[in-house]
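Working notes, beginning with the structure itself.
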Amino acid sequence: MLREGTLRKARAAASAANDPPTVCVVSPRRGAYSETFVRAHIERLPTRVEVLYGGGYPFRMANGAPLLPPPPLPLRLTRGALRHAAGWPWYCYEQRALARFLRSRQVGVVLAEFGPTGVNLMDVCQQVGVPLVVYFHGFDAYKRETLEEVAGRYARMFRIAAGVIAVSREMVDQLQRLGAPLAKVHYNPCGADTDLFQQTDPGAAPPHFVAIGRFVDMKAPQLTLLAFRQVLEHVPDAELTMVGDGPLWECCLRLAKALGIAHSVHLPGVLPHSEVAETLSGARAFVQHSVRTFQDEVEGTPVAVLEAGAMGIPVVATRHAGIRDVVIDGETGALVDEGDVAGMAAAMVRLATDPDLARRWGCAGRQLIVSEFSMERSIGHLWEILVAIARDART
């Protein structure tokens, strides 16, 4: 939870707006393991939070109950065939139900997680007069397929939305290129829970490297494996644990066997947050080889990088998107160009053979995360943004 100092500031800000606005957080998925930032927004904002989720358009509440009552029979029969037809009755039916929900719950501001969610909500929010804030996280600002799907609707959403939030400085520039007015764009990276992810001593750990994240093209786990194979040539007792799941998981398992390094590679799948912290606590360094995909999919600011830094663990990663905001090359970790497998391997070898360097970089990383990228700071800034927008909407 937020610390008392931040809670006092947040409550004071809410008092300036007469009373704390109720926030409705809308997300496409419920409880996705990789979206800890959404869960943090729901659980940690110091106000009443309503939750909606489900597919392209929100249709379920936090307890899983449907937002919409069963539709009239004629609409039920035509829904499948006509769902995407412009102006057809079912879409209007959904909009009316959502409008009733926002009014009945006295929602003061809607927080849409991901750009496409904001597109789906902009008309209802405008109709009801509830300010819309859209939180961009990565693919929604860059991925070519996503941008083609929303076509010109982002431009209209940027006009309707009261605010948009970017999780990296590069994304701030990208949202402006997409048409967002600078006055509406807020930089607010996700944060690490510095109470759960506490300081460790990577210098005392064995040469054990940890990677955490989805097994997808954007995180290029296969390139991490190729780098680790080179590490083993210099540090035979090194180990690599890759936490997570995804479409490339089996590919990476087979690649590790084909490279002859499976005995030193562990792929435990998805782990609870507490076990993630435990796994990190025994690491010499955290590794992540993020890349821009051929579909132009780009990271935001990876939470796992923040959490490793919070534990005082040096990070070896690529010069990619928000990673450059939170890892200082040569001070809190090492950054290499995307695709530079040899460079990544060299940085890993350096840390594996120099425990004092791992300790120095790790301590500096912990200080940076606590001061600039903590969960407390991220949630506190988000709350300030929401309170200010809700206040402006009332005047």
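We name chains A, B, ... following the order of the structure tokens; residues begin at 1 in each chain, and ligands are numbered from 1 as shown.
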
Interface rows for region 163-199 of chain A against region 138-154 of chain A: nearest pair, Å to one decimal, 9 Å, only C-alpha atoms, as JSON lines:
```
{"residue": "A:Ala166", "atom": "CA", "partner": "A:Gly138", "partner_atom": "CA", "distance": 8.6}
{"residue": "A:Val167", "atom": "CA", "partner": "A:Gly138", "partner_atom": "CA", "distance": 7.9}
{"residue": "A:Ser168", "atom": "CA", "partner": "A:Gly138", "partner_atom": "CA", "distance": 8.9}
{"residue": "A:Met171", "atom": "CA", "partner": "A:Ala141", "partner_atom": "CA", "distance": 7.2}
{"residue": "A:Gln174", "atom": "CA", "partner": "A:Ala141", "partner_atom": "CA", "distance": 6.9}
{"residue": "A:Leu175", "atom": "CA", "partner": "A:Ala141", "partner_atom": "CA", "distance": 6.7}
{"residue": "A:Leu178", "atom": "CA", "partner": "A:Tyr154", "partner_atom": "CA", "distance": 7.5}
{"residue": "A:Gly179", "atom": "CA", "partner": "A:Tyr154", "partner_atom": "CA", "distance": 7.6}
{"residue": "A:Ala180", "atom": "CA", "partner": "A:Tyr154", "partner_atom": "CA", "distance": 8.4}
```

File of the preceding selection, N, CA and C atoms, as a PDB file, in the first residue's frame:
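Written out: selection_25.pdb:
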```
ATOM      1  N   ALA A 166       2.048   8.176 -20.703  1.00  0.00           N
ATOM      2  CA  ALA A 166       3.093   7.373 -21.334  1.00  0.00           C
ATOM      3  C   ALA A 166       4.028   6.835 -20.260  1.00  0.00           C
ATOM      4  N   VAL A 167       4.514   5.597 -20.454  1.00  0.00           N
ATOM      5  CA  VAL A 167       5.370   4.977 -19.445  1.00  0.00           C
ATOM      6  C   VAL A 167       6.857   5.135 -19.750  1.00  0.00           C
ATOM      7  N   SER A 168       7.186   5.782 -20.862  1.00  0.00           N
ATOM      8  CA  SER A 168       8.591   6.056 -21.161  1.00  0.00           C
ATOM      9  C   SER A 168       8.690   7.412 -21.849  1.00  0.00           C
ATOM     10  N   MET A 171       8.029   7.175 -25.445  1.00  0.00           N
ATOM     11  CA  MET A 171       6.603   7.058 -25.753  1.00  0.00           C
ATOM     12  C   MET A 171       5.913   8.418 -25.723  1.00  0.00           C
ATOM     13  N   GLN A 174       6.382   9.564 -29.103  1.00  0.00           N
ATOM     14  CA  GLN A 174       5.587   8.779 -30.034  1.00  0.00           C
ATOM     15  C   GLN A 174       4.111   9.180 -29.993  1.00  0.00           C
ATOM     16  N   LEU A 175       3.561   9.413 -28.808  1.00  0.00           N
ATOM     17  CA  LEU A 175       2.159   9.818 -28.709  1.00  0.00           C
ATOM     18  C   LEU A 175       1.930  11.171 -29.372  1.00  0.00           C
ATOM     19  N   LEU A 178       1.631  10.618 -32.958  1.00  0.00           N
ATOM     20  CA  LEU A 178       0.336  10.047 -33.300  1.00  0.00           C
ATOM     21  C   LEU A 178      -0.793  11.070 -33.212  1.00  0.00           C
ATOM     22  N   GLY A 179      -0.496  12.254 -32.691  1.00  0.00           N
ATOM     23  CA  GLY A 179      -1.497  13.310 -32.662  1.00  0.00           C
ATOM     24  C   GLY A 179      -1.923  13.784 -31.297  1.00  0.00           C
ATOM     25  N   ALA A 180      -1.332  13.262 -30.226  1.00  0.00           N
ATOM     26  CA  ALA A 180      -1.703  13.702 -28.877  1.00  0.00           C
ATOM     27  C   ALA A 180      -1.099  15.075 -28.586  1.00  0.00           C
TER      28      ALA A 180
END
```

Q) Where does DSSP see helix (DSSP H, G or I) in region 239-296 of chain A, if you list the residues as a ChimeraX atom specification? A) /A:249-258,262-264,273-281

Go ahead and write the residues just picked, N, CA and C atoms, as a compact mmCIF listing (two decimals), in the first residue's frame.
```txt
# COMPACT_ATOMS: atom_id res chain seq x y z
N TRP A 249 7.95 -20.13 -25.57
CA TRP A 249 8.51 -20.91 -24.45
C TRP A 249 9.06 -22.25 -24.92
N GLU A 250 8.26 -23.00 -25.67
CA GLU A 250 8.72 -24.30 -26.13
C GLU A 250 9.88 -24.17 -27.11
N CYS A 251 9.83 -23.13 -27.94
CA CYS A 251 10.94 -22.87 -28.86
C CYS A 251 12.24 -22.68 -28.09
N CYS A 252 12.17 -21.95 -26.97
CA CYS A 252 13.37 -21.71 -26.17
C CYS A 252 13.85 -22.97 -25.46
N LEU A 253 12.90 -23.79 -25.04
CA LEU A 253 13.27 -25.07 -24.42
C LEU A 253 14.04 -25.93 -25.42
N ARG A 254 13.54 -26.00 -26.65
CA ARG A 254 14.20 -26.79 -27.69
C ARG A 254 15.54 -26.18 -28.08
N LEU A 255 15.60 -24.84 -28.12
CA LEU A 255 16.85 -24.17 -28.46
C LEU A 255 17.92 -24.45 -27.42
N ALA A 256 17.55 -24.41 -26.14
CA ALA A 256 18.53 -24.70 -25.08
C ALA A 256 19.09 -26.10 -25.23
N LYS A 257 18.24 -27.05 -25.59
CA LYS A 257 18.72 -28.43 -25.80
C LYS A 257 19.61 -28.51 -27.03
N ALA A 258 19.21 -27.83 -28.11
CA ALA A 258 20.00 -27.86 -29.33
C ALA A 258 21.37 -27.22 -29.14
N ALA A 262 21.05 -26.98 -21.93
CA ALA A 262 19.83 -27.20 -21.16
C ALA A 262 20.12 -27.52 -19.70
N HIS A 263 21.27 -28.11 -19.41
CA HIS A 263 21.61 -28.44 -18.03
C HIS A 263 21.82 -27.20 -17.16
N SER A 264 22.06 -26.06 -17.81
CA SER A 264 22.31 -24.81 -17.07
C SER A 264 21.18 -23.81 -17.20
N HIS A 273 4.31 -13.59 -7.50
CA HIS A 273 5.18 -12.43 -7.29
C HIS A 273 6.19 -12.69 -6.17
N SER A 274 5.76 -13.36 -5.11
CA SER A 274 6.67 -13.62 -3.99
C SER A 274 7.81 -14.55 -4.42
N GLU A 275 7.52 -15.51 -5.30
CA GLU A 275 8.56 -16.43 -5.78
C GLU A 275 9.47 -15.74 -6.79
N VAL A 276 8.93 -14.77 -7.51
CA VAL A 276 9.77 -13.98 -8.40
C VAL A 276 10.82 -13.24 -7.57
N ALA A 277 10.38 -12.63 -6.48
CA ALA A 277 11.32 -11.92 -5.61
C ALA A 277 12.36 -12.88 -5.04
N GLU A 278 11.93 -14.07 -4.65
CA GLU A 278 12.86 -15.06 -4.11
C GLU A 278 13.88 -15.49 -5.16
N THR A 279 13.42 -15.67 -6.40
CA THR A 279 14.33 -16.05 -7.47
C THR A 279 15.35 -14.95 -7.73
N LEU A 280 14.89 -13.71 -7.76
CA LEU A 280 15.80 -12.59 -7.98
C LEU A 280 16.83 -12.46 -6.86
N SER A 281 16.43 -12.82 -5.65
CA SER A 281 17.33 -12.63 -4.50
C SER A 281 18.61 -13.45 -4.62
```

Q: Find the spatial neighbours of Gly339 (chain A), counting only C-alpha atoms, within a cut-off of 10 Å - ignore same-chain residues fewer than 5 positions away - and output them as a PyMOL selection string.
A: chain A and resi 220+223-224+289-292+318+344

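Among the candidates A:Leu335, A:Leu68, A:Leu351, A:Val109, the residue lying nearest to Val25 (chain A) is A:Val109 (atoms considered: only C-alpha atoms).
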
Q: Tell me, in Å to one decimal, how far CA of Val336 (chain A) is from CA of Gly246 (chain A).
A: 24.4 Å

Q) Could you pull out the strand (DSSP E or B) residues of region 45-220 of chain A from DSSP and send them as a PyMOL selection string? A) chain A and resi 49-53+60-61+66+107-113+132-135+163-166+185-187+192+208-212

Q: Tell me, in Å to one decimal, how far CA of Ala283 (chain A) is from CA of His208 (chain A).
A: 5.0 Å

Q. Between CA of Gly118 (chain A) and CA of Ile160 (chain A), what is the spacing in Å?
A. 9.9 Å

Report as a PDB file with C-alpha atoms, in the first residue's frame all protein, DNA and RNA residues lying within 9 Å of Ala317 (chain A), evaluated on only C-alpha atoms, omitting residues in the same chain fewer than 2 positions from it.
```
ATOM      1  CA  PHE A 286      19.092  -9.573 -14.411  1.00  0.00           C
ATOM      2  CA  VAL A 287      19.090  -9.943 -18.204  1.00  0.00           C
ATOM      3  CA  GLN A 288      16.618  -8.888 -20.904  1.00  0.00           C
ATOM      4  CA  HIS A 289      17.203  -8.559 -24.631  1.00  0.00           C
ATOM      5  CA  SER A 290      14.217  -6.449 -25.723  1.00  0.00           C
ATOM      6  CA  VAL A 305      13.658  -4.381 -14.892  1.00  0.00           C
ATOM      7  CA  VAL A 315      20.684  -5.156 -15.187  1.00  0.00           C
ATOM      8  CA  ARG A 319      19.064   0.241 -25.425  1.00  0.00           C
ATOM      9  CA  HIS A 320      15.345  -0.099 -25.947  1.00  0.00           C
ATOM     10  CA  ILE A 323      14.807   0.607 -20.395  1.00  0.00           C
ATOM     11  CA  VAL A 327      19.141   1.660 -16.403  1.00  0.00           C
ATOM     12  CA  GLY A 333      24.023  -2.001 -15.310  1.00  0.00           C
ATOM     13  CA  ALA A 334      25.113  -2.486 -18.896  1.00  0.00           C
ATOM     14  CA  LEU A 335      23.202  -1.580 -22.053  1.00  0.00           C
ATOM     15  CA  VAL A 336      23.938  -3.021 -25.495  1.00  0.00           C
ATOM     16  CA  ASP A 337      22.426  -2.451 -28.905  1.00  0.00           C
ATOM     17  CA  GLU A 338      19.474  -4.573 -29.959  1.00  0.00           C
ATOM     18  CA  MET A 344      25.388  -8.910 -23.997  1.00  0.00           C
TER      19      MET A 344
END
```

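Distances here use only C-alpha atoms; by that measure, the residue among A:Ala321, A:Val38, A:Ala112, A:Ala393 closest to Val128 (chain A) is A:Ala393.
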